[in-house]
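Peer 1: File model19.cif follows (mmCIF, C-alpha atoms):
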```cif
data_model
loop_
_atom_site.group_PDB
_atom_site.id
_atom_site.type_symbol
_atom_site.label_atom_id
_atom_site.label_comp_id
_atom_site.auth_asym_id
_atom_site.auth_seq_id
_atom_site.Cartn_x
_atom_site.Cartn_y
_atom_site.Cartn_z
ATOM 1 C CA MET T 1 191.385 -2.247 223.232
ATOM 2 C CA ARG T 2 192.751 -3.527 219.921
ATOM 3 C CA THR T 3 193.837 -7.071 219.407
ATOM 4 C CA GLU T 4 197.508 -7.881 219.111
ATOM 5 C CA PRO T 5 198.941 -7.621 215.572
ATOM 6 C CA ALA T 6 198.930 -11.024 213.882
ATOM 7 C CA GLU T 7 202.292 -11.198 212.078
ATOM 8 C CA ARG T 8 205.567 -12.359 213.650
ATOM 9 C CA LEU T 9 209.221 -11.969 212.788
ATOM 10 C CA ASP T 10 211.112 -14.764 211.059
ATOM 11 C CA PRO T 11 212.367 -17.393 213.553
ATOM 12 C CA ARG T 12 215.874 -17.058 212.070
ATOM 13 C CA ALA T 13 215.997 -13.689 213.854
ATOM 14 C CA LEU T 14 216.990 -15.669 216.942
ATOM 15 C CA GLN T 15 220.270 -16.799 215.339
ATOM 16 C CA VAL T 16 221.027 -13.279 214.104
ATOM 17 C CA TRP T 17 220.404 -11.768 217.549
ATOM 18 C CA ILE T 18 222.469 -14.514 219.234
ATOM 19 C CA ILE T 19 225.425 -13.880 216.899
ATOM 20 C CA SER T 20 225.058 -10.149 217.506
ATOM 21 C CA GLY T 21 225.034 -10.850 221.259
ATOM 22 C CA VAL T 22 228.215 -12.931 220.979
ATOM 23 C CA ILE T 23 229.942 -10.081 219.118
ATOM 24 C CA LYS T 24 228.796 -7.462 221.680
ATOM 25 C CA THR T 25 229.826 -9.699 224.590
ATOM 26 C CA THR T 26 233.246 -10.356 223.037
ATOM 27 C CA VAL T 27 233.862 -6.629 222.547
ATOM 28 C CA LEU T 28 232.802 -5.953 226.138
ATOM 29 C CA ALA T 29 235.072 -8.761 227.408
ATOM 30 C CA VAL T 30 238.074 -7.382 225.513
ATOM 31 C CA MET T 31 237.439 -3.826 226.746
ATOM 32 C CA LEU T 32 236.876 -4.793 230.378
ATOM 33 C CA GLY T 33 239.677 -7.370 230.330
ATOM 34 C CA GLY T 34 242.082 -4.790 228.937
ATOM 35 C CA SER T 35 241.016 -2.262 231.535
ATOM 36 C CA ALA T 36 241.521 -4.800 234.331
ATOM 37 C CA ALA T 37 244.961 -5.720 232.962
ATOM 38 C CA VAL T 38 245.976 -2.053 232.869
ATOM 39 C CA ALA T 39 244.678 -1.571 236.403
ATOM 40 C CA LEU T 40 246.714 -4.563 237.634
ATOM 41 C CA MET T 41 249.938 -3.657 235.819
ATOM 42 C CA PHE T 42 250.113 0.104 236.196
ATOM 43 C CA PHE T 43 248.066 0.873 239.280
ATOM 44 C CA HIS T 44 248.972 -2.251 241.278
ATOM 45 C CA TRP T 45 245.376 -3.027 242.181
ATOM 46 C CA PRO T 46 244.660 -6.263 244.057
ATOM 47 C CA GLY T 47 244.450 -9.565 242.163
ATOM 48 C CA TRP T 48 240.702 -9.978 242.720
ATOM 49 C CA VAL T 49 239.900 -6.888 240.576
ATOM 50 C CA PRO T 50 239.594 -8.909 237.298
ATOM 51 C CA VAL T 51 236.799 -10.928 238.916
ATOM 52 C CA ILE T 52 234.443 -7.933 238.715
ATOM 53 C CA PRO T 53 234.692 -7.466 234.907
ATOM 54 C CA SER T 54 234.462 -11.234 234.458
ATOM 55 C CA VAL T 55 231.193 -11.359 236.385
ATOM 56 C CA VAL T 56 229.857 -8.362 234.431
ATOM 57 C CA VAL T 57 230.729 -10.026 231.104
ATOM 58 C CA MET T 58 229.155 -13.325 232.177
ATOM 59 C CA LEU T 59 225.915 -11.630 233.274
ATOM 60 C CA TYR T 60 225.779 -9.471 230.142
ATOM 61 C CA GLY T 61 226.502 -12.462 227.883
ATOM 62 C CA THR T 62 223.850 -14.575 229.585
ATOM 63 C CA LEU T 63 221.249 -11.882 229.000
ATOM 64 C CA GLU T 64 222.352 -10.874 225.500
ATOM 65 C CA ILE T 65 222.838 -14.422 224.195
ATOM 66 C CA GLY T 66 220.637 -16.689 226.289
ATOM 67 C CA VAL T 67 217.615 -14.642 227.359
ATOM 68 C CA LEU T 68 216.886 -11.548 225.274
ATOM 69 C CA PRO T 69 216.734 -13.030 221.737
ATOM 70 C CA GLU T 70 213.885 -15.382 222.657
ATOM 71 C CA LEU T 71 211.997 -12.696 224.588
ATOM 72 C CA LEU T 72 212.418 -10.132 221.807
ATOM 73 C CA TRP T 73 211.183 -12.585 219.190
ATOM 74 C CA LYS T 74 208.149 -13.629 221.267
ATOM 75 C CA HIS T 75 207.102 -10.033 221.880
ATOM 76 C CA TRP T 76 207.552 -8.512 218.397
ATOM 77 C CA HIS T 77 204.353 -8.361 216.291
ATOM 78 C CA TYR T 78 203.282 -6.314 213.287
ATOM 79 C CA GLU T 79 200.378 -6.005 210.891
ATOM 80 C CA VAL T 80 199.670 -3.956 207.776
ATOM 81 C CA SER T 81 196.066 -2.978 207.034
ATOM 82 C CA GLU T 82 194.503 -0.751 204.401
ATOM 83 C CA GLU T 83 194.821 2.327 206.665
ATOM 84 C CA GLU T 84 197.864 1.792 208.886
ATOM 85 C CA VAL T 85 200.892 -0.200 209.954
ATOM 86 C CA ASP T 86 200.560 -1.573 213.497
ATOM 87 C CA LEU T 87 203.770 -2.372 215.407
ATOM 88 C CA GLN T 88 203.929 -3.899 218.886
ATOM 89 C CA ARG T 89 207.145 -4.738 220.697
ATOM 90 C CA GLY T 90 208.701 -4.754 224.123
ATOM 91 C CA ILE T 91 209.360 -7.118 226.978
ATOM 92 C CA TRP T 92 208.809 -5.137 230.156
ATOM 93 C CA LEU T 93 207.428 -1.988 228.567
ATOM 94 C CA ILE T 94 205.094 -2.771 225.658
ATOM 95 C CA LYS T 95 205.328 -0.170 222.893
ATOM 96 C CA ARG T 96 202.530 0.044 220.332
ATOM 97 C CA THR T 97 202.955 2.240 217.254
ATOM 98 C CA LEU T 98 200.282 2.938 214.649
ATOM 99 C CA ILE T 99 201.621 4.489 211.458
ATOM 100 C CA PRO T 100 198.890 5.964 209.256
ATOM 101 C CA LEU T 101 199.634 5.158 205.611
ATOM 102 C CA ALA T 102 198.886 8.784 204.762
ATOM 103 C CA ARG T 103 202.034 9.718 206.745
ATOM 104 C CA VAL T 104 204.418 7.270 205.037
ATOM 105 C CA GLN T 105 207.062 9.100 203.007
ATOM 106 C CA HIS T 106 209.060 6.116 201.800
ATOM 107 C CA VAL T 107 209.802 2.482 202.641
ATOM 108 C CA ASP T 108 213.204 0.768 202.531
ATOM 109 C CA THR T 109 214.543 -2.702 203.076
ATOM 110 C CA ARG T 110 217.834 -3.027 204.945
ATOM 111 C CA GLN T 111 220.223 -5.926 205.271
ATOM 112 C CA GLY T 112 223.406 -6.159 207.330
ATOM 113 C CA ILE T 113 226.177 -8.720 206.943
ATOM 114 C CA ILE T 114 224.773 -11.185 209.464
ATOM 115 C CA MET T 115 221.208 -10.775 208.216
ATOM 116 C CA ARG T 116 222.359 -11.361 204.634
ATOM 117 C CA ARG T 117 223.922 -14.669 205.715
ATOM 118 C CA TYR T 118 220.528 -15.787 207.077
ATOM 119 C CA ASN T 119 218.548 -14.362 204.117
ATOM 120 C CA LEU T 120 216.797 -11.792 206.321
ATOM 121 C CA ALA T 121 216.040 -8.100 205.903
ATOM 122 C CA SER T 122 214.393 -5.285 207.841
ATOM 123 C CA VAL T 123 211.680 -2.984 206.556
ATOM 124 C CA ALA T 124 212.177 0.690 207.448
ATOM 125 C CA ILE T 125 209.110 2.928 207.220
ATOM 126 C CA SER T 126 209.943 6.645 207.091
ATOM 127 C CA THR T 127 207.530 9.341 208.217
ATOM 128 C CA ALA T 128 208.025 12.971 209.205
ATOM 129 C CA ALA T 129 208.183 11.750 212.824
ATOM 130 C CA GLY T 130 211.077 9.366 212.176
ATOM 131 C CA VAL T 131 211.893 5.878 210.960
ATOM 132 C CA HIS T 132 210.047 2.804 212.230
ATOM 133 C CA GLU T 133 211.663 -0.553 211.582
ATOM 134 C CA ILE T 134 210.303 -4.084 211.373
ATOM 135 C CA PRO T 135 213.418 -6.208 211.940
ATOM 136 C CA ALA T 136 214.352 -9.672 210.728
ATOM 137 C CA LEU T 137 211.878 -10.748 208.063
ATOM 138 C CA SER T 138 212.754 -13.173 205.282
ATOM 139 C CA VAL T 139 213.949 -11.260 202.222
ATOM 140 C CA GLU T 140 210.868 -12.354 200.262
ATOM 141 C CA VAL T 141 208.465 -11.206 202.994
ATOM 142 C CA ALA T 142 210.387 -7.944 203.464
ATOM 143 C CA ASP T 143 210.252 -7.178 199.730
ATOM 144 C CA GLU T 144 206.529 -7.977 199.562
ATOM 145 C CA LEU T 145 205.824 -5.895 202.663
ATOM 146 C CA ARG T 146 207.853 -2.947 201.354
ATOM 147 C CA ASP T 147 205.958 -3.031 198.054
ATOM 148 C CA LYS T 148 202.573 -3.449 199.782
ATOM 149 C CA ILE T 149 203.124 -0.509 202.150
ATOM 150 C CA SER T 150 204.361 1.653 199.276
ATOM 151 C CA ARG T 151 201.380 0.705 197.107
ATOM 152 C CA LEU T 152 198.860 1.321 199.910
ATOM 153 C CA ALA T 153 200.481 4.670 200.770
ATOM 154 C CA ARG T 154 200.280 5.775 197.110
ATOM 155 C CA THR T 155 196.656 4.597 196.873
ATOM 156 C CA TYR T 156 195.809 6.473 200.052
ATOM 157 C CA GLU T 157 197.584 9.597 198.732
ATOM 158 C CA ASN T 158 195.665 9.458 195.431
ATOM 159 C CA GLU T 159 192.336 9.274 197.281
ATOM 160 C CA LEU T 160 193.057 12.550 199.050
#
```
Step by step, read the file and then write its structure as C-alpha coordinates.
Peer 2:
Amino acid sequence: MRTEPAERLDPRALQVWIISGVIKTTVLAVMLGGSAAVALMFFHWPGWVPVIPSVVVMLYGTLEIGVLPELLWKHWHYEVSEEEVDLQRGIWLIKRTLIPLARVQHVDTRQGIIMRRYNLASVAISTAAGVHEIPALSVEVADELRDKISRLARTYENEL
(Lines of atoms letter the chains of each structure in order from A and count residues from 1; the text may use other names and numbers.)
(Lines give C-alpha, C1' and ligand atoms only; values in the text may rest on other atoms or scores of the structure.)
Protein backbone atom coordinates (compact mmCIF):
# COMPACT_ATOMS: atom_id res chain seq x y z
CA MET A 1 0.00 0.00 0.00
CA ARG A 2 1.14 3.55 -0.76
CA THR A 3 2.31 5.91 1.90
CA GLU A 4 0.12 8.81 2.92
CA PRO A 5 0.57 11.99 0.82
CA ALA A 6 3.02 14.35 2.50
CA GLU A 7 1.45 17.81 2.07
CA ARG A 8 -1.14 19.35 4.42
CA LEU A 9 -3.63 22.17 4.15
CA ASP A 10 -2.87 25.58 5.61
CA PRO A 11 -3.66 25.74 9.36
CA ARG A 12 -5.74 28.88 8.74
CA ALA A 13 -8.30 26.54 7.16
CA LEU A 14 -9.49 25.89 10.71
CA GLN A 15 -10.63 29.52 11.14
CA VAL A 16 -12.34 29.52 7.74
CA TRP A 17 -14.21 26.28 8.51
CA ILE A 18 -15.17 27.54 11.99
CA ILE A 19 -16.59 30.78 10.55
CA SER A 20 -18.42 28.76 7.91
CA GLY A 21 -19.79 26.53 10.69
CA VAL A 22 -21.00 29.57 12.65
CA ILE A 23 -22.82 30.87 9.55
CA LYS A 24 -24.43 27.46 8.84
CA THR A 25 -25.44 27.05 12.49
CA THR A 26 -26.94 30.56 12.60
CA VAL A 27 -28.99 29.90 9.46
CA LEU A 28 -30.19 26.59 10.90
CA ALA A 29 -31.08 28.29 14.22
CA VAL A 30 -33.11 30.99 12.45
CA MET A 31 -34.94 28.44 10.28
CA LEU A 32 -35.73 26.04 13.13
CA GLY A 33 -36.52 28.86 15.55
CA GLY A 34 -38.92 30.40 13.05
CA SER A 35 -40.57 27.05 12.44
CA ALA A 36 -40.99 26.48 16.18
CA ALA A 37 -42.45 29.98 16.62
CA VAL A 38 -44.95 29.35 13.82
CA ALA A 39 -45.86 25.99 15.35
CA LEU A 40 -46.47 27.62 18.75
CA MET A 41 -48.46 30.59 17.44
CA PHE A 42 -50.61 29.07 14.72
CA PHE A 43 -50.89 25.41 15.64
CA HIS A 44 -50.95 25.85 19.43
CA TRP A 45 -48.33 23.19 20.04
CA PRO A 46 -47.08 22.68 23.60
CA GLY A 47 -44.44 25.02 25.05
CA TRP A 48 -41.72 22.35 25.14
CA VAL A 49 -41.64 22.09 21.31
CA PRO A 50 -38.92 24.79 20.90
CA VAL A 51 -36.61 22.65 23.04
CA ILE A 52 -36.24 20.13 20.20
CA PRO A 53 -34.89 22.62 17.60
CA SER A 54 -32.67 24.16 20.27
CA VAL A 55 -31.08 20.80 21.03
CA VAL A 56 -30.65 20.10 17.30
CA VAL A 57 -28.95 23.48 16.76
CA MET A 58 -26.67 22.97 19.77
CA LEU A 59 -25.60 19.49 18.59
CA TYR A 60 -25.12 20.66 15.00
CA GLY A 61 -23.15 23.73 16.13
CA THR A 62 -20.93 21.66 18.41
CA LEU A 63 -20.06 19.34 15.54
CA GLU A 64 -19.75 21.99 12.83
CA ILE A 65 -17.77 24.49 14.93
CA GLY A 66 -16.00 22.51 17.63
CA VAL A 67 -15.26 19.07 16.20
CA LEU A 68 -15.27 18.81 12.40
CA PRO A 69 -12.80 21.59 11.44
CA GLU A 70 -9.97 19.99 13.42
CA LEU A 71 -10.77 16.49 12.16
CA LEU A 72 -11.06 17.64 8.55
CA TRP A 73 -7.74 19.47 8.74
CA LYS A 74 -5.94 16.50 10.34
CA HIS A 75 -7.20 14.07 7.71
CA TRP A 76 -6.68 16.10 4.51
CA HIS A 77 -3.41 15.33 2.65
CA TYR A 78 -2.23 15.85 -0.92
CA GLU A 79 0.87 15.41 -3.02
CA VAL A 80 1.83 16.23 -6.60
CA SER A 81 4.36 14.00 -8.36
CA GLU A 82 5.64 13.88 -11.92
CA GLU A 83 2.86 11.46 -12.95
CA GLU A 84 -0.16 12.19 -10.75
CA VAL A 85 -1.92 14.21 -8.09
CA ASP A 86 -2.63 12.17 -4.94
CA LEU A 87 -5.50 13.31 -2.69
CA GLN A 88 -6.48 11.69 0.61
CA ARG A 89 -9.28 12.92 2.83
CA GLY A 90 -12.00 11.69 5.12
CA ILE A 91 -12.65 11.12 8.79
CA TRP A 92 -14.68 7.93 9.03
CA LEU A 93 -14.46 6.90 5.39
CA ILE A 94 -11.01 7.58 3.93
CA LYS A 95 -11.18 8.58 0.26
CA ARG A 96 -8.04 8.36 -1.85
CA THR A 97 -8.01 9.85 -5.35
CA LEU A 98 -5.17 9.55 -7.86
CA ILE A 99 -5.45 11.95 -10.78
CA PRO A 100 -3.13 11.07 -13.67
CA LEU A 101 -1.61 14.25 -15.09
CA ALA A 102 -2.44 12.97 -18.57
CA ARG A 103 -6.14 13.38 -17.65
CA VAL A 104 -5.92 16.98 -16.38
CA GLN A 105 -7.83 19.37 -18.63
CA HIS A 106 -7.30 22.58 -16.69
CA VAL A 107 -6.46 23.86 -13.21
CA ASP A 108 -8.09 26.80 -11.41
CA THR A 109 -7.63 28.60 -8.15
CA ARG A 110 -10.77 29.65 -6.28
CA GLN A 111 -11.27 32.08 -3.44
CA GLY A 112 -14.46 32.89 -1.55
CA ILE A 113 -15.08 35.91 0.66
CA ILE A 114 -14.00 34.25 3.89
CA MET A 115 -10.99 32.58 2.29
CA ARG A 116 -9.90 35.91 0.80
CA ARG A 117 -9.94 37.45 4.29
CA TYR A 118 -7.51 34.75 5.47
CA ASN A 119 -5.37 34.87 2.28
CA LEU A 120 -6.35 31.32 1.30
CA ALA A 121 -7.40 29.73 -1.98
CA SER A 122 -8.45 26.33 -3.29
CA VAL A 123 -6.98 24.54 -6.28
CA ALA A 124 -9.55 22.92 -8.58
CA ILE A 125 -8.27 20.23 -10.94
CA SER A 126 -10.65 19.48 -13.83
CA THR A 127 -10.70 16.16 -15.65
CA ALA A 128 -13.30 14.48 -17.85
CA ALA A 129 -14.49 12.66 -14.71
CA GLY A 130 -15.16 15.87 -12.78
CA VAL A 131 -13.50 18.49 -10.62
CA HIS A 132 -11.22 17.59 -7.72
CA GLU A 133 -10.47 20.32 -5.21
CA ILE A 134 -7.64 20.88 -2.76
CA PRO A 135 -9.17 23.33 -0.27
CA ALA A 136 -7.61 26.03 1.88
CA LEU A 137 -4.02 26.56 0.77
CA SER A 138 -2.20 29.87 1.16
CA VAL A 139 -2.61 31.95 -1.99
CA GLU A 140 1.11 31.63 -2.76
CA VAL A 141 1.07 27.83 -2.40
CA ALA A 142 -2.17 27.57 -4.40
CA ASP A 143 -0.72 29.66 -7.25
CA GLU A 144 2.50 27.62 -7.28
CA LEU A 145 0.58 24.35 -7.19
CA ARG A 146 -1.76 25.44 -9.99
CA ASP A 147 1.20 26.41 -12.17
CA LYS A 148 3.11 23.21 -11.32
CA ILE A 149 0.18 20.92 -12.15
CA SER A 150 -0.47 22.82 -15.38
CA ARG A 151 3.20 22.64 -16.37
CA LEU A 152 3.47 18.92 -15.57
CA ALA A 153 0.24 18.17 -17.46
CA ARG A 154 1.53 20.04 -20.54
CA THR A 155 4.90 18.26 -20.30
CA TYR A 156 3.14 14.92 -20.01
CA GLU A 157 0.91 15.79 -23.00
CA ASN A 158 3.92 16.76 -25.14
CA GLU A 159 5.62 13.43 -24.40
CA LEU A 160 2.67 11.52 -25.82
Peer 1: Let me know the residues the PyMOL selection byres ((chain T and resi 3-12) around 8) catches in the file above, as a list in words.
Peer 2: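 When the PyMOL selection byres ((chain T and resi 3-12) around 8) is applied to the shown file, the picked residues are Met1, Arg2, Ala13, Leu14, Gln15, Val16, Trp73, Trp76, His77, Tyr78, Glu79, Asp86, Leu87, Gln88, Tyr118, Leu120, Pro135, Ala136, Leu137 and Ser138 of chain T.
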Peer 1: Can I get the selected residues back with C-alpha atoms, as a PDB file, in the coordinates of the input?
Peer 2:
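Once written, out_0.pdb looks like this:
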```
ATOM      1  CA  MET T   1     191.385  -2.247 223.232  1.00  0.00           C
ATOM      2  CA  ARG T   2     192.751  -3.527 219.921  1.00  0.00           C
ATOM      3  CA  ALA T  13     215.997 -13.689 213.854  1.00  0.00           C
ATOM      4  CA  LEU T  14     216.990 -15.669 216.942  1.00  0.00           C
ATOM      5  CA  GLN T  15     220.270 -16.799 215.339  1.00  0.00           C
ATOM      6  CA  VAL T  16     221.027 -13.279 214.104  1.00  0.00           C
ATOM      7  CA  TRP T  73     211.183 -12.585 219.190  1.00  0.00           C
ATOM      8  CA  TRP T  76     207.552  -8.512 218.397  1.00  0.00           C
ATOM      9  CA  HIS T  77     204.353  -8.361 216.291  1.00  0.00           C
ATOM     10  CA  TYR T  78     203.282  -6.314 213.287  1.00  0.00           C
ATOM     11  CA  GLU T  79     200.378  -6.005 210.891  1.00  0.00           C
ATOM     12  CA  ASP T  86     200.560  -1.573 213.497  1.00  0.00           C
ATOM     13  CA  LEU T  87     203.770  -2.372 215.407  1.00  0.00           C
ATOM     14  CA  GLN T  88     203.929  -3.899 218.886  1.00  0.00           C
ATOM     15  CA  TYR T 118     220.528 -15.787 207.077  1.00  0.00           C
ATOM     16  CA  LEU T 120     216.797 -11.792 206.321  1.00  0.00           C
ATOM     17  CA  PRO T 135     213.418  -6.208 211.940  1.00  0.00           C
ATOM     18  CA  ALA T 136     214.352  -9.672 210.728  1.00  0.00           C
ATOM     19  CA  LEU T 137     211.878 -10.748 208.063  1.00  0.00           C
ATOM     20  CA  SER T 138     212.754 -13.173 205.282  1.00  0.00           C
TER      21      SER T 138
END
```
Peer 1: May I ask for the distance between CA of Lys95 (chain T) and CA of Ile23 (chain T), given in Å to one decimal place?
Peer 2: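 These two atoms are separated by 26.8 Å.
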Peer 1: Would you please work out which residue, of T:Met58, T:Ile134, T:Leu93, T:Val85, is nearest to Thr109 (chain T) when using all atoms listed in the file?
Peer 2: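 Using all atoms listed in the file, Thr109 (chain T) sits closest to T:Ile134.
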Peer 1: Could you list as a PDB file with C-alpha atoms, in the coordinates of the input every residue that has an atom within 8 Å of (204.1, 7.4, 198.5), using the file's coordinates and counting all atoms listed in the file?
Peer 2:
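Contents of the output file out.pdb:
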```
ATOM      1  CA  VAL T 104     204.418   7.270 205.037  1.00  0.00           C
ATOM      2  CA  GLN T 105     207.062   9.100 203.007  1.00  0.00           C
ATOM      3  CA  HIS T 106     209.060   6.116 201.800  1.00  0.00           C
ATOM      4  CA  SER T 150     204.361   1.653 199.276  1.00  0.00           C
ATOM      5  CA  ARG T 151     201.380   0.705 197.107  1.00  0.00           C
ATOM      6  CA  ALA T 153     200.481   4.670 200.770  1.00  0.00           C
ATOM      7  CA  ARG T 154     200.280   5.775 197.110  1.00  0.00           C
ATOM      8  CA  GLU T 157     197.584   9.597 198.732  1.00  0.00           C
TER       9      GLU T 157
END
```
Peer 1: For a cutoff of 12 Å around the file-coordinate point (236.7, -12.5, 234.7), which residues qualify once you count all atoms listed in the file? I'd like the result as a PyMOL selection string.
Peer 2: chain T and resi 28-37+47-59
Peer 1: Between CA of Thr25 (chain T) and CA of Val139 (chain T), what is the distance, to one decimal in Å?
Peer 2: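 Interatomic distance here is 27.5 Å.
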Peer 1: Using CA of Gly130 (chain T) and CA of Arg117 (chain T) as the two end points, give the distance in Å to one decimal.
Peer 2: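 CA of Arg117 (chain T) lies 28.0 Å from CA of Gly130 (chain T).
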Peer 1: Could you check the closest approach to Glu64 (chain T) for each of T:Ala129, T:Val22, T:Ala121, T:Val107 and tell me which residue wins, using all atoms listed in the file?
Peer 2: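 Smallest separation from Glu64 (chain T) among the options: T:Val22.
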Peer 1: Tell me which of T:Ile114, T:Ile65, T:Val38, T:Leu101 sits closest to Glu84 (chain T), counting only C-alpha atoms.
Peer 2: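 Result for the nearest residue to Glu84 (chain T): T:Leu101.
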Peer 1: Report, as lines of an AutoDock Vina configuration file, the axis-aligned box around all atoms of region 91-105 of chain T present in the file, extended by 5 Å on each side; give centre and edge lengths in Å to one decimal place.
Peer 2:
```
center_x = 204.1
center_y = 1.3
center_z = 216.6
size_x = 20.5
size_y = 26.8
size_z = 37.1
```
Peer 1: Considering only C-alpha atoms, can you say which of T:Asn119, T:Thr97, T:Thr127, T:Thr62 comes closest to Asp143 (chain T)?
Peer 2: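 Nearest to Asp143 (chain T): T:Asn119.
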